[in-house]
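target_39.json follows (JSON, C-alpha atoms):
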[["chain", "number", "residue", "atom", "x", "y", "z"],
["B", 11, "MET", "CA", 6.14, -5.05, -4.99],
["B", 12, "GLN", "CA", 2.60, -6.37, -5.29],
["B", 13, "ASN", "CA", 1.36, -5.00, -1.94],
["B", 14, "LEU", "CA", 2.77, -1.51, -2.52],
["B", 15, "THR", "CA", 0.60, 1.37, -3.63],
["B", 16, "LYS", "CA", 0.95, 2.46, -7.24],
["B", 17, "SER", "CA", 2.81, 5.58, -6.14],
["B", 18, "ALA", "CA", 5.20, 3.50, -4.06],
["B", 19, "GLN", "CA", 5.82, 1.19, -7.01],
["B", 20, "ILE", "CA", 6.84, 4.19, -9.11],
["B", 21, "LEU", "CA", 9.08, 5.39, -6.27],
["B", 22, "ALA", "CA", 10.66, 1.93, -6.04],
["B", 23, "PHE", "CA", 11.33, 1.91, -9.77],
["B", 24, "ILE", "CA", 12.91, 5.39, -9.67],
["B", 25, "ALA", "CA", 14.94, 4.48, -6.56],
["B", 26, "LYS", "CA", 16.68, 1.68, -8.50],
["B", 27, "LYS", "CA", 18.32, 4.25, -10.81],
["B", 28, "ASP", "CA", 20.10, 7.55, -10.25],
["B", 29, "LEU", "CA", 18.12, 9.26, -12.99],
["B", 30, "LEU", "CA", 15.15, 8.10, -15.06],
["B", 31, "ARG", "CA", 13.76, 9.61, -18.25],
["B", 32, "HIS", "CA", 10.05, 10.26, -18.56],
["B", 33, "SER", "CA", 9.84, 8.14, -21.73],
["B", 34, "LYS", "CA", 11.29, 5.14, -19.87],
["B", 35, "LEU", "CA", 8.81, 5.43, -16.99],
["B", 36, "VAL", "CA", 5.64, 5.78, -19.08],
["B", 37, "THR", "CA", 6.56, 2.75, -21.21],
["B", 38, "GLU", "CA", 7.99, 0.49, -18.47],
["B", 39, "PRO", "CA", 5.98, -2.76, -18.79],
["B", 40, "SER", "CA", 5.74, -3.42, -15.04],
["B", 41, "LEU", "CA", 4.28, 0.06, -14.46],
["B", 42, "VAL", "CA", 2.02, -0.03, -17.52],
["B", 43, "ILE", "CA", 0.44, -3.24, -16.22],
["B", 44, "ILE", "CA", -0.44, -1.82, -12.80],
["B", 45, "PHE", "CA", -1.72, 1.45, -14.27],
["B", 46, "SER", "CA", -3.85, -0.17, -16.98],
["B", 47, "ASP", "CA", -6.97, -0.61, -14.84],
["B", 48, "SER", "CA", -8.72, 2.48, -16.21],
["B", 49, "LYS", "CA", -10.96, 2.42, -19.28],
["B", 50, "THR", "CA", -10.89, 6.18, -19.76],
["B", 51, "THR", "CA", -7.22, 7.09, -19.31],
["B", 52, "THR", "CA", -4.14, 5.49, -20.82],
["B", 53, "PRO", "CA", -1.53, 3.96, -18.48],
["B", 54, "GLY", "CA", 1.05, 6.48, -19.73],
["B", 55, "ARG", "CA", -1.25, 9.39, -18.80],
["B", 56, "ARG", "CA", -1.92, 7.93, -15.35],
["B", 57, "ILE", "CA", 1.80, 7.38, -14.76],
["B", 58, "THR", "CA", 2.48, 10.98, -15.86],
["B", 59, "ASP", "CA", -0.22, 12.28, -13.49],
["B", 60, "THR", "CA", 1.20, 10.22, -10.61],
["B", 61, "LEU", "CA", 4.70, 11.54, -11.35],
["B", 62, "ALA", "CA", 3.38, 15.11, -11.25],
["B", 63, "LEU", "CA", 1.69, 14.44, -7.91],
["B", 64, "LEU", "CA", 4.80, 12.80, -6.45],
["B", 65, "ALA", "CA", 6.87, 15.81, -7.57],
["B", 66, "LYS", "CA", 4.34, 18.26, -6.08],
["B", 67, "GLN", "CA", 4.47, 16.36, -2.77],
["B", 68, "GLY", "CA", 8.29, 16.45, -2.78],
["B", 69, "TYR", "CA", 8.85, 12.70, -3.15],
["B", 70, "ILE", "CA", 10.69, 13.04, -6.46],
["B", 71, "SER", "CA", 12.57, 15.86, -8.12],
["B", 72, "VAL", "CA", 12.14, 16.77, -11.78],
["B", 73, "GLY", "CA", 14.77, 18.11, -14.13],
["B", 74, "THR", "CA", 15.55, 18.10, -17.82],
["B", 75, "LEU", "CA", 18.24, 16.33, -19.77],
["B", 76, "ASP", "CA", 18.46, 16.56, -23.56],
["B", 77, "SER", "CA", 15.09, 18.36, -23.61],
["B", 78, "GLN", "CA", 13.34, 15.52, -21.78],
["B", 79, "LYS", "CA", 12.02, 15.33, -18.22],
["B", 80, "VAL", "CA", 14.08, 13.22, -15.84],
["B", 81, "TYR", "CA", 13.24, 12.10, -12.31],
["B", 82, "THR", "CA", 15.18, 11.26, -9.18],
["B", 83, "ILE", "CA", 13.87, 10.20, -5.81],
["B", 84, "THR", "CA", 14.29, 12.62, -2.91],
["B", 85, "GLN", "CA", 15.15, 11.75, 0.68],
["B", 86, "LYS", "CA", 11.49, 12.34, 1.54],
["B", 87, "GLY", "CA", 10.56, 9.89, -1.23],
["B", 88, "LEU", "CA", 13.01, 7.28, 0.07],
["B", 89, "SER", "CA", 11.47, 7.60, 3.54],
["B", 90, "LYS", "CA", 7.94, 7.19, 2.13],
["B", 91, "LEU", "CA", 9.05, 4.17, 0.09],
["B", 92, "GLN", "CA", 10.68, 2.56, 3.11],
["B", 93, "ARG", "CA", 7.50, 3.05, 5.20],
["B", 94, "GLN", "CA", 5.37, 1.56, 2.41],
["B", 95, "GLN", "CA", 7.69, -1.44, 2.01],
["B", 96, "THR", "CA", 7.66, -2.04, 5.77],
["B", 97, "ARG", "CA", 3.85, -1.91, 5.91],
["B", 98, "ALA", "CA", 3.49, -4.16, 2.87],
["B", 99, "SER", "CA", 5.73, -6.83, 4.40],
["B", 100, "ILE", "CA", 4.30, -6.69, 7.91],
["B", 101, "VAL", "CA", 1.58, -9.31, 7.40],
["B", 102, "ASP", "CA", 3.03, -12.81, 7.08],
["B", 103, "THR", "CA", 1.20, -14.24, 4.07],
["B", 104, "LYS", "CA", 3.34, -17.32, 3.79],
["B", 105, "ARG", "CA", 1.31, -19.62, 5.98],
["B", 106, "TRP", "CA", -2.32, -19.78, 7.08],
["B", 107, "ASP", "CA", -2.78, -21.27, 10.55],
["B", 108, "GLY", "CA", -6.54, -21.88, 10.16],
["B", 109, "ARG", "CA", -7.52, -18.82, 12.16],
["B", 110, "TYR", "CA", -8.94, -15.46, 11.12],
["B", 111, "TYR", "CA", -7.59, -12.20, 12.47],
["B", 112, "PHE", "CA", -9.76, -9.14, 12.81],
["B", 113, "ILE", "CA", -8.47, -5.65, 13.42],
["B", 114, "THR", "CA", -10.73, -2.96, 14.76],
["B", 115, "PHE", "CA", -9.92, 0.51, 16.03],
["B", 116, "GLU", "CA", -11.44, 3.52, 17.72],
["B", 117, "ILE", "CA", -9.69, 6.64, 16.54],
["B", 118, "PRO", "CA", -11.39, 9.95, 17.37],
["B", 119, "GLU", "CA", -12.47, 12.50, 14.77],
["B", 120, "ASP", "CA", -9.61, 14.85, 15.67],
["B", 121, "GLN", "CA", -7.22, 12.13, 14.39],
["B", 122, "LYS", "CA", -9.12, 11.61, 11.13],
["B", 123, "VAL", "CA", -5.94, 11.79, 9.02],
["B", 124, "VAL", "CA", -4.37, 8.96, 11.05],
["B", 125, "ARG", "CA", -7.57, 6.90, 10.82],
["B", 126, "ASN", "CA", -7.71, 7.34, 7.03],
["B", 127, "GLN", "CA", -4.03, 6.40, 6.70],
["B", 128, "ILE", "CA", -4.60, 3.21, 8.72],
["B", 129, "ILE", "CA", -7.55, 2.30, 6.47],
["B", 130, "LEU", "CA", -5.39, 2.86, 3.40],
["B", 131, "ASP", "CA", -2.60, 0.75, 4.95],
["B", 132, "LEU", "CA", -5.06, -2.07, 5.68],
["B", 133, "LYS", "CA", -6.28, -2.03, 2.08],
["B", 134, "ASN", "CA", -2.71, -2.04, 0.78],
["B", 135, "ALA", "CA", -1.83, -4.95, 3.07],
["B", 136, "ASN", "CA", -4.74, -6.92, 1.51],
["B", 137, "PHE", "CA", -7.05, -6.85, 4.53],
["B", 138, "TYR", "CA", -10.71, -7.55, 3.79],
["B", 139, "ASN", "CA", -13.30, -5.03, 5.01],
["B", 140, "TYR", "CA", -15.52, -7.57, 6.77],
["B", 141, "SER", "CA", -17.92, -4.95, 8.08],
["B", 142, "ASN", "CA", -17.82, -1.28, 8.98],
["B", 143, "GLY", "CA", -14.71, -0.77, 11.12],
["B", 144, "LEU", "CA", -13.75, -4.46, 11.13],
["B", 145, "TRP", "CA", -10.88, -5.65, 8.92],
["B", 146, "LEU", "CA", -10.05, -9.32, 8.32],
["B", 147, "SER", "CA", -6.91, -11.23, 7.37],
["B", 148, "PRO", "CA", -6.27, -14.96, 7.54],
["B", 149, "TYR", "CA", -2.63, -14.15, 8.31],
["B", 150, "ASN", "CA", -1.31, -13.09, 11.70],
["B", 151, "PRO", "CA", -1.05, -9.27, 11.71],
["B", 152, "ILE", "CA", 0.59, -8.81, 15.12],
["B", 153, "LYS", "CA", 3.66, -7.10, 13.62],
["B", 154, "TYR", "CA", 1.37, -4.73, 11.72],
["B", 155, "ILE", "CA", -0.54, -3.86, 14.89],
["B", 156, "GLU", "CA", 2.64, -3.31, 16.94],
["B", 157, "THR", "CA", 4.20, -1.13, 14.24],
["B", 158, "THR", "CA", 1.02, 0.90, 13.74],
["B", 159, "ARG", "CA", 0.54, 1.43, 17.48],
["B", 160, "LEU", "CA", 4.12, 2.69, 17.82],
["B", 161, "GLN", "CA", 4.11, 4.79, 14.67],
["B", 162, "TYR", "CA", 0.93, 6.67, 15.52],
["B", 163, "GLY", "CA", 1.05, 6.44, 19.33],
["B", 164, "LEU", "CA", -2.31, 4.67, 19.46],
["B", 165, "GLY", "CA", -1.80, 2.17, 22.28],
["B", 166, "GLN", "CA", -4.93, 0.07, 22.78],
["B", 167, "LYS", "CA", -7.01, 2.03, 20.26],
["B", 168, "ILE", "CA", -6.22, -0.75, 17.79],
["B", 169, "ARG", "CA", -7.49, -4.15, 18.85],
["B", 170, "LEU", "CA", -7.03, -7.70, 17.58],
["B", 171, "ILE", "CA", -9.73, -10.37, 17.56],
["B", 172, "VAL", "CA", -8.92, -13.98, 16.64],
["B", 173, "ALA", "CA", -11.59, -16.39, 15.35],
["B", 174, "SER", "CA", -11.40, -20.04, 14.37],
["B", 175, "HIS", "CA", -14.66, -20.15, 12.42],
["B", 176, "LEU", "CA", -16.70, -17.69, 10.37],
["B", 177, "GLU", "CA", -20.31, -17.92, 9.28],
["B", 178, "ASP", "CA", -19.35, -17.02, 5.69],
["B", 179, "GLU", "CA", -16.05, -18.88, 5.75],
["B", 180, "ALA", "CA", -16.27, -20.28, 2.21],
["B", 181, "LYS", "CA", -16.58, -16.77, 0.75],
["B", 182, "ILE", "CA", -13.59, -15.54, 2.77],
["B", 183, "LYS", "CA", -11.49, -18.56, 1.77],
["B", 184, "ARG", "CA", -12.25, -17.86, -1.90],
["B", 185, "HIS", "CA", -11.37, -14.18, -1.47],
["B", 186, "PHE", "CA", -7.95, -15.01, -0.01],
["B", 187, "LYS", "CA", -7.48, -18.03, -2.34],
["B", 188, "LEU", "CA", -7.19, -20.41, 0.60],
["B", 189, "VAL", "CA", -9.02, -23.20, -1.22],
["B", 190, "SER", "CA", -7.62, -25.25, -4.06]]
Mind turning this structure into C-alpha cells?
Amino acid sequence: MQNLTKSAQILAFIAKKDLLRHSKLVTEPSLVIIFSDSKTTTPGRRITDTLALLAKQGYISVGTLDSQKVYTITQKGLSKLQRQQTRASIVDTKRWDGRYYFITFEIPEDQKVVRNQIILDLKNANFYNYSNGLWLSPYNPIKYIETTRLQYGLGQKIRLIVASHLEDEAKIKRHFKLVS
C-alpha cells in the first residue's frame, strides 16, 4: 500500500471489512503511522477529517451502531480504490535497467483538472519532478503512459524520453536509493 494516497489507504483498510468502527480506524497502527506527519494535528484528527471528506465525496457511507460511527466502502469508493491501486502498481520498481525515464505532457488549460490529476498520479507513483513539466523515474513507466493515455484520451500529449546519463546522476541515484 505504500504508493497509495492516504485516502486510498483508508479506503483499502475499510474495504477489507464489511463494517468498521470509528474507534478502530483512528487507532489502527498502520493508519496512525501514515497520518503522523503533522506537528499541529494528531493522527486521529487527520484520519477523522479524511473520513469526513471521503463520506462527503461518496466514497464511504457512515452509519451508527451502538452509538458509534461505523463506515463501509461504497461502490464509488471501490472504483476509486481500484484506480489508485492500478496506478500505484503501474511503474515496475523491481529492477533498474540503468536508464532514466522522463515523462512530459502538454495538456491545455481547458483540461486543467486532468493535468492536475496526472501530476498527483505521478507524485503518488514516486516520480521525481526533475524540472517544471518534466517528471523522472529510473523505472520503465510505459504501462503508466499507456494507461493514462487511454484513461484520459490524451494520445500523444504525454511523451516519454529515455536517457542513459544525467548531469546530476548521483543526486538522482540517492533520491531513488539506487546506490548502496
Practice problem: Within 12 Å of (-16.2, -0.8, 11.7) (coordinates as in the file), grab all the protein and nucleic acid residues, counting all atoms listed in the file, and write them out as number ranges by chain. | Solution: B: 112-117, 125, 129, 138-146, 168-169
Practice problem: List the neighbours of stretch 17-27 of chain B out to 8 Å using all atoms listed in the file; skip same-chain residues closer than 2 positions along the sequence, and give me the result as a ChimeraX atom specification. | Solution: /B:11,14-15,29-30,41,60-61,64,69-70,81-83,87-88,90-91,94
Output for the residues just chosen: C-alpha atoms as a compact mmCIF listing (two decimals), in the frame of the given file:
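File result_30.txt, as written:
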# COMPACT_ATOMS: atom_id res chain seq x y z
CA MET B 11 6.14 -5.05 -4.99
CA LEU B 14 2.77 -1.51 -2.52
CA THR B 15 0.60 1.37 -3.63
CA LEU B 29 18.12 9.26 -12.99
CA LEU B 30 15.15 8.10 -15.06
CA LEU B 41 4.28 0.06 -14.46
CA THR B 60 1.20 10.22 -10.61
CA LEU B 61 4.70 11.54 -11.35
CA LEU B 64 4.80 12.80 -6.45
CA TYR B 69 8.85 12.70 -3.15
CA ILE B 70 10.69 13.04 -6.46
CA TYR B 81 13.24 12.10 -12.31
CA THR B 82 15.18 11.26 -9.18
CA ILE B 83 13.87 10.20 -5.81
CA GLY B 87 10.56 9.89 -1.23
CA LEU B 88 13.01 7.28 0.07
CA LYS B 90 7.94 7.19 2.13
CA LEU B 91 9.05 4.17 0.09
CA GLN B 94 5.37 1.56 2.41
Self-check item: Selected residue, from B:Pro118, B:Leu63, B:Tyr111, B:Lys16, that lies nearest to B:Val42 when counting all atoms listed in the file
Solution: B:Lys16
Quiz prompt | Of the listed residues B:His32, B:Lys86, B:Asp178, B:Ile43, that which approaches B:Gly73 most closely, counting all atoms listed in the file | solution = B:His32
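Atom pair atom CA of B:Gly108 / atom CA of B:Lys153: separated by 18.3 Å.
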Practice problem: Find the residue from B:Ser147, B:Asn126, B:Thr158, B:Ser77 that sits nearest to B:Lys183; use all atoms listed in the file when measuring. | Solution: B:Ser147
Practice problem: Provide the atom CA of B:Arg109 to atom CA of B:Leu170 distance in Å, to one decimal place. | Solution: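 Rounded to one decimal, the two atoms are 12.4 Å apart.
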Quiz item: Looking at all atoms listed in the file, which of B:Lys79, B:Arg56, B:Lys66, B:Lys49 is the one that sits closest to B:Ser33?
Solution: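 The shortest atom-to-atom distance to B:Ser33 comes from B:Lys79.
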Quiz item: How many Å lie between atom CA of B:Ser48 and atom CA of B:Lys34, rounded to one decimal?
Solution: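 Between atom CA of B:Ser48 and atom CA of B:Lys34 the gap works out to 20.5 Å.
Nearest to B:Glu179 of all the residues B:Ser46, B:Tyr110, B:Ser40, B:Ala62 is B:Tyr110, counting only C-alpha atoms.
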Quiz item: Which residue, B:Tyr149, B:Asp28, B:Asp107, B:Val124, has the smallest gap to B:Thr84 when you use only C-alpha atoms?
Solution: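 Smallest distance to B:Thr84 is found for B:Asp28.
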Exercise. List every protein, DNA or RNA residue that has at least one atom no more than 10 Å from (-5.2, -20.4, 0.7) in the file's coordinates, counting only C-alpha atoms, and write the result as a count of residues only.
Key: 15
As a compact mmCIF listing (two decimals), in the frame of the given file, the rebuilt stretch 105-122 of chain B with N, CA and C atoms:
# COMPACT_ATOMS: atom_id res chain seq x y z
N ARG B 105 1.92 -18.43 5.39
CA ARG B 105 1.31 -19.62 5.98
C ARG B 105 0.02 -19.25 6.70
N TRP B 106 -1.05 -19.98 6.39
CA TRP B 106 -2.32 -19.78 7.08
C TRP B 106 -2.42 -20.81 8.19
N ASP B 107 -2.71 -20.37 9.40
CA ASP B 107 -2.78 -21.27 10.55
C ASP B 107 -4.21 -21.72 10.87
N GLY B 108 -5.15 -21.45 9.96
CA GLY B 108 -6.54 -21.88 10.16
C GLY B 108 -7.38 -20.91 10.96
N ARG B 109 -6.79 -19.82 11.38
CA ARG B 109 -7.52 -18.82 12.16
C ARG B 109 -7.72 -17.55 11.33
N TYR B 110 -8.65 -16.74 11.77
CA TYR B 110 -8.94 -15.46 11.12
C TYR B 110 -8.64 -14.35 12.11
N TYR B 111 -8.01 -13.31 11.62
CA TYR B 111 -7.59 -12.20 12.47
C TYR B 111 -8.35 -10.94 12.07
N PHE B 112 -9.01 -10.37 13.04
CA PHE B 112 -9.76 -9.14 12.81
C PHE B 112 -9.05 -7.98 13.50
N ILE B 113 -8.99 -6.87 12.82
CA ILE B 113 -8.47 -5.65 13.42
C ILE B 113 -9.62 -4.66 13.47
N THR B 114 -9.76 -4.03 14.60
CA THR B 114 -10.73 -2.96 14.76
C THR B 114 -10.04 -1.83 15.51
N PHE B 115 -10.56 -0.63 15.37
CA PHE B 115 -9.92 0.51 16.03
C PHE B 115 -10.94 1.59 16.32
N GLU B 116 -10.63 2.36 17.35
CA GLU B 116 -11.44 3.52 17.72
C GLU B 116 -10.51 4.72 17.72
N ILE B 117 -10.55 5.47 16.66
CA ILE B 117 -9.69 6.64 16.54
C ILE B 117 -10.61 7.85 16.43
N PRO B 118 -10.47 8.81 17.33
CA PRO B 118 -11.39 9.95 17.37
C PRO B 118 -11.31 10.83 16.12
N GLU B 119 -12.36 11.62 15.94
CA GLU B 119 -12.47 12.50 14.77
C GLU B 119 -11.30 13.46 14.64
N ASP B 120 -10.73 13.90 15.76
CA ASP B 120 -9.61 14.85 15.67
C ASP B 120 -8.33 14.19 15.15
N GLN B 121 -8.35 12.86 14.98
CA GLN B 121 -7.22 12.13 14.39
C GLN B 121 -7.67 11.46 13.08
N LYS B 122 -8.54 12.14 12.36
CA LYS B 122 -9.12 11.61 11.13
C LYS B 122 -8.05 11.26 10.09
